[in-house]
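Asker: Please see the structure below; I have some questions.
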Amino acid sequence: MSDHTTAVEPPKSPTSVVDDRLAQVRLTTRLLRRPELGALLAAITVGLFFALTTDDFGTLNGMANWTSVAATLGIPAVAVALLMIGGEFDLSAGVMTGSAGLVMGLLATELDMNIWPAIALTFLFAGAVGFINGYMVVRTGLPSFIVTLATFFVLQGINLGVTKQITGTVRVSGLLEVGGFETAKDIFGGSFSTYDFRMSFLWWIAITIVATWILARTRVGNWIFGVGGDPVAARNVGVPVARVKIGLFMGTAMAAALAGIMIATTLSSVQASQGVGEEFSYIIAAVVGGCLLTGGYGSAIGAAIGALIIGMAFIGIQFSGWDTDWRYLFLGVILLIAVLVNNFVRRSAEGARK
Amino acid sequence: MTPLLEVRGVSKYFGNVIALNDVSASVGEGEVTCVLGDNGAGKSTFIKILSGVHQHDGGQLLMEGEETRFSSPRDARDRGIATVFQDLATVPLMSIWRNFFLGSEPTRSVGPIKMIDVKKAQRVIREEMSKMGIDVRDPEQPVGTLSGGERQAVAISRAVYFGAKVLILDEPTSALGVKQSSIVLRYIAQARERGVGVIFITHNPHHAFPVGDRFVVLKRGKLLGAWDRGEIRQEELVKMMAGGAELDQLTGELERSQERP
């Protein structure tokens, strides 16, 4: 990359003689500068471990299994990563997967709506919730942790209360009879190969690519790093901080809604308690992928890899025949390791010569 | 010659606190106006009015001779007033080129999609930084790994590159060592040479004196005095800043310490 630019550079000062030496350390520096490097190594380790210790993990069927878990987790996690790079949290993202499924399900089953307008309205609903989250955070200056914790409980209450009120149970079912459901399932909840790879897998990859591109190559991406790294500095140079943050909250809520719609169309029903607790998995995936809790640093690919690690561990633990509750221990341990590693990375990036 | 930016008798109140009272100053093309004052003198309020963060409550603000009012920092920036805030000029974790272009990224269109022209951005920062005498080897290097003076240089060259007519520097040397400070003073002189009007806020008369064409001293929100270069000696400026009595005491202490072998 530097070879292209040297041609048009103005005459250099004598100090540039040392450039050749620096070029040699360039590769390692560049690698270490990638936030997702640690996650990638961890993913390879976890993957190899379960592939070697269990029979099914390495097969295509097994792969379809863990990519499915990773995908429904990874889609919101990638959005959460962008939000965290932008310096905010969203604790309501997990419950939003449930809310979205319920909104879609109730509109379709109770109001006899076709699935497609129901899906459109669900995204609208998610966007509105995200907007409210973002607006409250930006206007009040309160930590997003508190604001979205409130949203989390409000949504959870509504999910359970409204569902019970309308259906008399804690689930919405009967989606199979809804008009357009088959096509919606083909797009959101179905599988695309004989090995039962889920559509969510493709969505996940597509969203990761788009999010990475946004971060690396668009103005908005640059702004996201700016508002997370130092909102005052960003505002001073003319970045519309409030708009960027609100947009990120809306994106997160809508990504969670997409995951919720996928779960609902896969299962043809929605539990009112769906998604509670998932928000932490998203945050863990983002942190494992290199996002700093303080904002301004991280990667979308990293979050996707973080989700992959969690997906592999969940299914791997199942395949190993261990009690599935052990996965929480695993989540805790990788979170702690990731935070420690990130802390070190941050220090070397930020404070080298202060 | 009409000054680029001028204030006439501006005042600013926060509730019943008078932060700034009847202050006048100006800066012209290729000039450095130094605004001096101790902590709480109203320097920050003063530059926030000039940069559009606050709106003045009384007096006039003139841009190239016409009375105006900046509705926001963005408005001020669009009209050629660039402000480099102390310690808040750059985002440490972002790379040099991302910092340089933050908020004004160069784009190229690929079909209907606009994306950042990274090649151009990296080329421009190498050119601009080398004009400041800094050789950027790796544009992807995080700004946090640069020295304090280099970080100010990034902010200053950015402002000049984006066509700032007036550059407001908020205590650019306050957090720096002696050597780094002198480097920043050289950047200020370079910006002046390129025809930019510089407003240099500082509480250090020793930094102001070598580069300043005009000196404005604030104290407790009021204008203590304004002088052109040559009308005032450095010692007088120092005296003005510290307040006579405190300085005499300081001089006494200094002399005593000098007497020691």
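We name chains A, B, ... following the order of the structure tokens; residues begin at 1 in each chain, and ligands are numbered from 1 as shown.
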As a ChimeraX atom specification, please: the residues near region 170-185 of chain A (cut-off 7 Å, only C-alpha atoms, same-chain neighbours under 3 positions excluded).

Answerer: /A:102,105-106,108-109,114-116,160,163-164,167,188-190,265-266,268-272

Asker: Write out as a PyMOL selection string the set of residues from region 13-214 of chain A that DSSP, computed on the backbone, places in strand (DSSP E or B).

Answerer: chain A and resi 171-172+191+198

Asker: With distances taken over only C-alpha atoms, which of B:Ser26, B:Asn39, B:Gln249, B:Thr107 is nearest to chain A?

Answerer: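 Closest candidate: B:Thr107.
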
Asker: Would you mind reading off the distance between CA of Met254 (chain A) and CA of Ile132 (chain A), one decimal, in Å?

Answerer: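 According to the coordinates, CA of Met254 (chain A) and CA of Ile132 (chain A) are separated by 12.8 Å.
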
Asker: Could you give me, as a list in words, the residues within 9 Å of Trp326 (chain A), counting only C-alpha atoms and dropping anything in the same chain fewer than 4 positions from it?

Answerer: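 Surrounding residues, per the criterion: Phe314, Ile317, Trp322, Phe330 and Leu331 of chain A.
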
Asker: Emit the selected residues as a JSON list (two decimals), in the first residue's frame, including N, CA and C atoms.

Answerer:
[["chain", "number", "residue", "atom", "x", "y", "z"],
["A", 314, "PHE", "N", -21.34, -23.60, 22.45],
["A", 314, "PHE", "CA", -22.66, -24.11, 22.85],
["A", 314, "PHE", "C", -22.91, -25.49, 22.25],
["A", 317, "ILE", "N", -20.31, -28.18, 23.45],
["A", 317, "ILE", "CA", -20.60, -28.68, 24.79],
["A", 317, "ILE", "C", -21.72, -29.72, 24.73],
["A", 322, "TRP", "N", -21.71, -32.94, 27.72],
["A", 322, "TRP", "CA", -21.66, -32.28, 29.02],
["A", 322, "TRP", "C", -22.98, -31.58, 29.29],
["A", 330, "PHE", "N", -18.22, -20.98, 30.43],
["A", 330, "PHE", "CA", -17.38, -20.69, 29.26],
["A", 330, "PHE", "C", -17.51, -19.21, 28.87],
["A", 331, "LEU", "N", -18.76, -18.72, 28.82],
["A", 331, "LEU", "CA", -18.98, -17.30, 28.45],
["A", 331, "LEU", "C", -18.23, -16.37, 29.39]]

Asker: Would you mind listing what lies within 12 Å of Phe14 (chain B) as a list in words, with only C-alpha atoms counted and same-chain residues fewer than 5 positions away left out?

Answerer: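 That gives Ala19, Leu20, Asn21, Gly42, Thr45, His54, Gln55, His56 and Asp57 of chain B.
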
Asker: When distances are computed from only C-alpha atoms, which of B:Leu93, B:Ala175, B:Leu250, B:Ile201 shows the smallest separation from Ser348 (chain A)?

Answerer: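 So, comparing all the options, the nearest one is B:Leu93.
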
Asker: Mind listing the helix (DSSP H, G or I) residues of region 154-204 of chain B, per DSSP on the backbone, as a PyMOL selection string?

Answerer: chain B and resi 154-161+178-193

Asker: Counting only C-alpha atoms, which residue out of A:Thr140, A:Ile44, A:Ala259, A:Arg347 sits closest to Trp203 (chain A)?

Answerer: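 Looking only at the distances to Trp203 (chain A), the closest residue turns out to be A:Ala259.
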
Asker: Using only C-alpha atoms, find the one residue out of A:Gly247, A:Pro117, A:Gly226, A:Gly306 that sits nearest to chain B.

Answerer: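 Once distances to chain B are computed over only C-alpha atoms, the minimum belongs to A:Gly226.
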